[in-house]
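Next up, coords.txt (compact mmCIF, C-alpha atoms):
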# COMPACT_ATOMS: atom_id res chain seq x y z
CA MET A 82 -6.71 -17.18 22.83
CA TYR A 83 -6.48 -15.34 19.53
CA GLU A 84 -7.38 -17.24 16.37
CA PRO A 85 -5.03 -16.68 13.38
CA THR A 86 -8.00 -16.40 11.01
CA GLN A 87 -9.52 -13.64 13.11
CA LEU A 88 -6.15 -11.85 13.33
CA ARG A 89 -5.73 -11.95 9.54
CA THR A 90 -9.20 -10.49 9.16
CA PHE A 91 -8.39 -7.80 11.73
CA LEU A 92 -5.23 -6.82 9.80
CA ALA A 93 -7.14 -6.67 6.52
CA VAL A 94 -9.70 -4.28 8.01
CA ALA A 95 -7.00 -2.22 9.76
CA GLN A 96 -5.04 -1.79 6.52
CA THR A 97 -7.98 -1.01 4.21
CA LEU A 98 -10.17 0.74 6.83
CA SER A 99 -13.10 -0.94 5.13
CA PHE A 100 -15.05 -4.10 5.97
CA THR A 101 -16.07 -4.35 2.32
CA GLN A 102 -12.51 -4.08 1.00
CA ALA A 103 -11.28 -6.54 3.63
CA ALA A 104 -13.90 -9.07 2.54
CA ARG A 105 -12.85 -8.70 -1.10
CA ARG A 106 -9.18 -9.10 -0.22
CA LEU A 107 -9.84 -12.23 1.84
CA GLY A 108 -12.41 -13.71 -0.53
CA VAL A 109 -15.13 -14.01 2.12
CA ARG A 110 -18.50 -12.42 2.85
CA GLN A 111 -18.65 -9.08 4.63
CA SER A 112 -20.72 -10.74 7.35
CA THR A 113 -17.83 -13.14 7.95
CA VAL A 114 -15.44 -10.21 8.38
CA SER A 115 -17.81 -8.61 10.88
CA GLN A 116 -18.11 -11.90 12.75
CA HIS A 117 -14.33 -12.36 12.99
CA VAL A 118 -13.84 -8.81 14.26
CA ARG A 119 -16.64 -9.18 16.79
CA ARG A 120 -15.17 -12.43 18.15
CA LEU A 121 -11.71 -10.89 18.39
CA GLU A 122 -13.14 -7.91 20.25
CA GLU A 123 -14.93 -10.33 22.58
CA ALA A 124 -11.64 -12.16 23.18
CA THR A 125 -9.80 -8.92 24.03
CA GLY A 126 -12.72 -7.42 25.90
CA ARG A 127 -12.12 -4.12 24.14
CA PRO A 128 -13.32 -2.39 20.94
CA LEU A 129 -10.67 -2.45 18.23
CA PHE A 130 -12.48 -0.24 15.70
CA SER A 131 -14.71 2.79 15.92
CA ARG A 132 -17.10 2.71 12.98
CA ASP A 133 -20.23 4.27 11.58
CA THR A 134 -21.99 4.14 8.22
CA HIS A 135 -19.28 6.28 6.57
CA SER A 136 -15.91 5.42 8.13
CA VAL A 137 -13.84 2.85 9.99
CA GLU A 138 -10.98 3.88 12.29
CA LEU A 139 -8.71 1.98 14.67
CA THR A 140 -9.19 2.65 18.38
CA GLU A 141 -6.17 3.05 20.65
CA ASP A 142 -6.49 -0.63 21.57
CA GLY A 143 -6.76 -1.48 17.87
CA GLU A 144 -3.47 0.32 17.22
CA ALA A 145 -1.88 -1.76 19.99
CA MET A 146 -3.33 -4.98 18.54
CA LEU A 147 -1.56 -4.35 15.20
CA GLY A 148 1.85 -5.29 16.60
CA PHE A 149 0.52 -8.24 18.56
CA ALA A 150 -1.38 -9.60 15.54
CA ARG A 151 1.69 -9.43 13.31
CA ALA A 152 3.88 -11.14 15.91
CA ILE A 153 1.37 -13.94 16.55
CA LEU A 154 0.85 -14.62 12.84
CA GLN A 155 4.60 -14.60 12.13
CA ALA A 156 5.20 -17.09 14.95
CA HIS A 157 2.34 -19.24 13.67
CA GLU A 158 3.77 -19.27 10.13
CA ARG A 159 7.30 -20.07 11.31
CA ALA A 160 6.00 -23.01 13.34
CA ALA A 161 3.95 -24.30 10.41
CA ALA A 162 6.96 -24.10 8.10
CA PHE A 163 9.24 -25.80 10.63
CA PHE A 164 6.98 -28.73 11.41
CA GLY A 165 5.75 -28.97 7.85
CA GLY A 166 9.30 -29.67 6.76
CA THR A 167 9.07 -27.37 3.72
CA ARG A 168 11.77 -24.87 2.80
CA LEU A 169 11.25 -22.28 0.13
CA ARG A 170 14.03 -21.97 -2.42
CA GLY A 171 14.66 -20.64 -5.90
CA ARG A 172 14.75 -17.20 -7.53
CA LEU A 173 12.08 -14.59 -6.76
CA ARG A 174 11.84 -11.48 -8.92
CA PHE A 175 10.00 -8.84 -6.88
CA GLY A 176 9.10 -5.33 -8.03
CA ALA A 177 8.11 -2.43 -5.78
CA SER A 178 6.78 1.01 -6.66
CA GLU A 179 8.99 4.08 -6.12
CA ASP A 180 6.52 5.09 -3.39
CA PHE A 181 8.04 2.57 -0.98
CA VAL A 182 11.65 3.75 -1.16
CA THR A 183 11.39 5.60 2.15
CA THR A 184 8.94 3.27 3.98
CA ARG A 185 9.51 0.23 6.19
CA LEU A 186 9.24 -2.21 3.30
CA PRO A 187 12.96 -3.08 3.71
CA GLU A 188 12.17 -4.39 7.20
CA ILE A 189 9.55 -6.75 5.78
CA LEU A 190 11.96 -7.93 3.07
CA GLU A 191 14.75 -8.42 5.62
CA SER A 192 12.48 -10.55 7.81
CA PHE A 193 11.42 -12.62 4.78
CA ARG A 194 15.06 -13.19 3.76
CA ARG A 195 15.94 -14.25 7.29
CA GLU A 196 13.10 -16.77 7.40
CA HIS A 197 13.72 -18.04 3.84
CA PRO A 198 17.50 -17.90 3.31
CA GLU A 199 17.41 -20.24 0.29
CA VAL A 200 15.28 -17.84 -1.74
CA ASP A 201 17.37 -15.62 -4.03
CA MET A 202 15.46 -12.36 -4.27
CA GLU A 203 15.95 -9.89 -7.11
CA LEU A 204 14.42 -6.47 -6.35
CA THR A 205 13.28 -3.98 -9.00
CA VAL A 206 12.16 -0.45 -8.01
CA GLU A 207 10.23 1.33 -10.76
CA LEU A 208 7.06 3.23 -11.61
CA SER A 209 3.87 1.22 -11.12
CA GLY A 210 3.01 1.23 -14.85
CA THR A 211 6.47 -0.05 -15.74
CA LEU A 212 6.25 -2.80 -13.12
CA GLN A 213 2.88 -3.93 -14.46
CA ALA A 214 4.30 -4.12 -17.99
CA ARG A 215 7.25 -6.21 -16.80
CA LEU A 216 4.95 -8.51 -14.87
CA ALA A 217 2.77 -9.02 -17.96
CA ALA A 218 5.90 -9.79 -19.99
CA GLY A 219 6.93 -12.49 -17.52
CA ARG A 220 9.96 -10.57 -16.23
CA LEU A 221 8.71 -10.31 -12.63
CA ASP A 222 7.00 -12.79 -10.30
CA LEU A 223 5.32 -10.40 -7.85
CA ILE A 224 4.85 -6.63 -7.69
CA LEU A 225 3.62 -4.13 -5.12
CA ALA A 226 2.22 -1.26 -7.16
CA LYS A 227 -0.44 1.44 -7.41
CA ARG A 228 -3.75 1.29 -9.18
CA ARG A 229 -6.49 3.88 -9.27
CA GLY A 230 -9.04 3.60 -6.48
CA GLY A 231 -12.01 1.46 -7.51
CA GLU A 232 -10.26 -0.33 -10.36
CA GLY A 233 -10.35 -4.10 -10.30
CA GLU A 234 -11.90 -4.36 -6.87
CA GLY A 235 -12.47 -7.95 -5.88
CA VAL A 236 -10.80 -9.35 -9.00
CA GLU A 237 -7.79 -11.57 -8.22
CA SER A 238 -6.20 -10.90 -11.61
CA GLU A 239 -6.22 -7.21 -10.72
CA GLY A 240 -4.37 -7.77 -7.46
CA ARG A 241 -4.91 -8.10 -3.74
CA LEU A 242 -5.49 -4.73 -2.09
CA VAL A 243 -2.93 -3.89 0.59
CA TRP A 244 -4.44 -0.51 1.39
CA GLN A 245 -6.27 2.38 -0.21
CA ASP A 246 -5.65 6.07 0.37
CA ALA A 247 -6.40 9.52 -1.04
CA LEU A 248 -4.19 11.31 -3.55
CA ILE A 249 -3.48 14.90 -2.50
CA TRP A 250 -1.45 17.86 -3.73
CA ILE A 251 1.74 18.49 -1.77
CA GLY A 252 4.50 21.10 -1.89
CA ALA A 253 6.98 23.04 0.20
CA PRO A 254 5.67 24.86 3.30
CA GLY A 255 4.71 28.39 2.35
CA LEU A 256 4.47 27.64 -1.37
CA ARG A 257 1.82 29.82 -3.01
CA VAL A 258 -0.16 28.58 -6.00
CA GLU A 259 -1.80 31.53 -7.68
CA PRO A 260 -5.33 30.79 -9.00
CA ASP A 261 -4.83 32.96 -12.09
CA ARG A 262 -1.47 31.45 -13.14
CA PRO A 263 -0.59 28.00 -14.58
CA VAL A 264 -0.04 25.37 -11.88
CA PRO A 265 3.67 24.41 -11.72
CA LEU A 266 3.76 20.61 -11.75
CA ILE A 267 6.37 18.11 -10.59
CA LEU A 268 5.63 14.88 -12.43
CA PHE A 269 6.74 11.33 -13.01
CA PRO A 270 7.08 10.49 -16.71
CA PRO A 271 4.47 8.30 -18.47
CA PRO A 272 3.01 5.84 -17.58
CA GLY A 273 2.95 7.29 -14.05
CA ILE A 274 -0.46 6.91 -12.42
CA THR A 275 -0.16 10.08 -10.33
CA ARG A 276 0.93 12.00 -13.43
CA ALA A 277 -2.12 10.86 -15.40
CA ARG A 278 -4.51 11.62 -12.54
CA ALA A 279 -3.06 15.10 -11.94
CA LEU A 280 -3.32 16.09 -15.59
CA GLU A 281 -6.82 14.64 -15.98
CA ALA A 282 -8.06 16.49 -12.89
CA LEU A 283 -6.59 19.83 -13.99
CA GLN A 284 -7.96 19.45 -17.52
CA ALA A 285 -11.42 18.59 -16.18
CA GLN A 286 -11.30 21.73 -14.04
CA GLY A 287 -10.11 23.81 -16.99
CA ARG A 288 -7.04 24.85 -15.03
CA ALA A 289 -3.85 25.82 -16.88
CA TRP A 290 -0.63 24.08 -15.90
CA ARG A 291 3.05 23.89 -16.81
CA VAL A 292 5.75 21.27 -16.17
CA ALA A 293 8.29 22.47 -13.59
CA CYS A 294 10.12 19.14 -13.20
CA THR A 295 9.91 15.62 -14.61
CA SER A 296 11.84 12.66 -13.19
CA SER A 297 11.35 8.92 -12.74
CA SER A 298 13.13 9.26 -9.37
CA LEU A 299 10.98 9.96 -6.32
CA SER A 300 14.01 11.47 -4.56
CA ALA A 301 14.55 13.93 -7.42
CA ASN A 302 10.90 14.96 -7.49
CA VAL A 303 10.84 15.41 -3.71
CA ALA A 304 13.99 17.54 -3.91
CA ALA A 305 12.35 19.72 -6.57
CA ALA A 306 9.23 20.09 -4.41
CA ARG A 307 11.28 21.00 -1.33
CA ALA A 308 13.04 23.67 -3.42
CA GLY A 309 9.63 25.23 -4.11
CA LEU A 310 9.61 24.51 -7.85
CA GLY A 311 6.00 23.33 -7.83
CA VAL A 312 3.40 20.88 -6.55
CA MET A 313 3.06 17.13 -6.98
CA ALA A 314 0.27 14.60 -6.59
CA HIS A 315 1.12 12.10 -3.88
CA THR A 316 -0.45 9.55 -1.55
CA ARG A 317 -1.69 11.15 1.68
CA GLY A 318 -0.19 8.45 3.91
CA LEU A 319 3.26 8.70 2.29
CA VAL A 320 3.95 12.45 2.31
CA PRO A 321 7.75 12.86 2.39
CA GLU A 322 9.43 14.77 5.19
CA GLY A 323 9.67 18.48 4.49
CA LEU A 324 6.54 18.61 2.34
CA VAL A 325 2.96 19.45 3.32
CA PRO A 326 -0.52 19.34 1.76
CA VAL A 327 -1.26 22.35 -0.45
CA SER A 328 -3.77 24.74 1.07
CA ALA A 329 -7.36 24.51 -0.13
CA ARG A 330 -7.08 28.23 -0.96
CA ALA A 331 -5.08 27.22 -4.06
CA GLY A 332 -8.31 25.83 -5.52
CA LEU A 333 -6.67 22.70 -6.91
CA PRO A 334 -9.04 19.87 -7.94
CA GLU A 335 -9.67 16.70 -5.96
CA LEU A 336 -7.54 13.77 -7.12
CA GLY A 337 -9.57 10.80 -5.86
CA GLU A 338 -8.11 7.66 -4.35
CA VAL A 339 -5.34 5.24 -5.20
CA GLY A 340 -4.95 1.61 -4.16
CA PHE A 341 -1.75 -0.29 -3.48
CA VAL A 342 -2.03 -3.87 -4.66
CA LEU A 343 -0.03 -7.07 -4.93
CA LEU A 344 -0.06 -8.62 -8.40
CA ARG A 345 1.31 -12.10 -9.13
CA GLY A 346 2.99 -13.47 -12.22
CA ARG A 347 2.31 -16.79 -13.92
CA ARG A 348 5.67 -18.58 -13.71
CA GLY A 349 4.48 -21.27 -11.27
CA GLY A 350 6.64 -23.76 -9.38
CA ALA A 351 9.08 -22.70 -6.67
CA ALA A 352 9.03 -19.08 -7.81
CA GLN A 353 5.28 -18.87 -7.31
CA GLU A 354 5.50 -20.49 -3.87
CA ALA A 355 8.08 -17.91 -2.84
CA ALA A 356 5.98 -15.10 -4.35
CA ASP A 357 2.91 -16.29 -2.43
CA ALA A 358 4.89 -16.38 0.83
CA LEU A 359 6.25 -12.87 0.30
CA ALA A 360 2.76 -11.61 -0.59
CA GLU A 361 1.42 -12.95 2.71
CA ALA A 362 4.29 -11.30 4.60
CA ILE A 363 3.55 -7.95 2.95
CA LEU A 364 -0.18 -8.27 3.62
CA ALA A 365 0.51 -9.09 7.28
CA GLY A 366 2.76 -6.03 7.63
CA GLY A 367 0.94 -3.71 5.25
CA ASP A 368 0.07 -1.17 7.95
CA ARG A 369 3.81 -0.55 8.42
CA LEU A 370 4.13 0.72 4.85
CA HIS A 371 2.48 4.06 5.53
CA ARG A 372 2.03 6.47 8.37
CA PRO A 373 -1.36 6.67 10.15
CA ARG A 374 -3.85 9.01 8.52

For the file at hand, write its structure as structure tokens.
Amino acid sequence: MYEPTQLRTFLAVAQTLSFTQAARRLGVRQSTVSQHVRRLEEATGRPLFSRDTHSVELTEDGEAMLGFARAILQAHERAAAFFGGTRLRGRLRFGASEDFVTTRLPEILESFRREHPEVDMELTVELSGTLQARLAAGRLDLILAKRRGGEGEGVESEGRLVWQDALIWIGAPGLRVEPDRPVPLILFPPPGITRARALEALQAQGRAWRVACTSSSLSANVAAARAGLGVMAHTRGLVPEGLVPVSARAGLPELGEVGFVLLRGRRGGAAQEAADALAEAILAGGDRLHRPR
């Protein structure tokens, strides 16, 4: 009843909330994406997206379809692997951004390990810039990392977009940021993408700032923010528990968008086959990596 190709297209639109971005990720025309979604909606008899010229949002039925689509595609892939007689094996070096420490990424990795027990996975958790450097040096086979919104769109060498979201300022509830005093910042060290964007935005605004905390650990930065030491730039869909968006009354500048992408290495062979399989699993479950907007 439900075609796997249409379900993959549906997931791509649901995760990027953009027909254009979904088309780029899938390597097809935007009209093809629209056609797949329309046929899936005809098959269900219900609208899965509410959309206008400016935005795309999942309907209640679209939210329900997310789980069904993942389950159907996973069953389809298991059957194809079983009857195809192929078993993935070898060593897979996977890197994930610090942003995913507290998300449901471990569930996706656990499912992948269960389905491919002969793959030896080595996980590295680091800043996105560090992961990209290690990938370029041939020390990783696949990474899930941040890039600035708009960079490398539609270019395979620049990664496959999992989802895109806004960067916002967050801090402890009740934290006051005085307009006439330097902004207290909680930052990742270089080459952190959120660090660079925060500093660029404040400098462009002509706003004074000071460093209240610097750590390469997300947990440490979150602890500093919860203690009220300052504010930090963070992805809107991944705001840690106990922190909230900073009030617009603080007058802090807009930070733009950030994309989360999958980037592949160049090792080839069994490692690349395993990396491709894990990439597909992450793309299929990408909506589980962040809370709804």

ask   = Quick one: of A:Glu338, A:Glu196, A:Glu144, A:Asp133, who's nearest to Lys227 of chain A, counting only C-alpha atoms?
value = A:Glu338

Atomic separation - atom CA of Leu107 of chain A relative to atom CA of Phe130 of chain A, Å = 18.5 Å

query = What is the atom CA of Asp246 of chain A to atom CA of Arg174 of chain A distance in Å?
reply = 26.5 Å

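Our summary of the geometry notes that atom CA of Ser131 of chain A is positioned 14.2 Å from atom CA of Gln96 of chain A.
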
inquiry  = For a quick check of understanding, using only C-alpha atoms, which of A:Ser209, A:Ser328, A:Gln111, A:Ser99 has the smallest distance to Arg132 of chain A?
reply    = A:Ser99

Taking all atoms of segment 210-222 of chain A that the file lists and extending 4 Å past them on each side, where is the centre of the axis-aligned box and how long are its edges? Answer in Å to one decimal, as lines of an AutoDock Vina configuration file.
center_x = 6.4
center_y = -5.8
center_z = -15.1
size_x = 15.2
size_y = 22.0
size_z = 17.7

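Closest approach to Ala356 of chain A among A:Ala305, A:Leu319, A:Leu190, A:Leu310: A:Leu190, based on all atoms listed in the file.
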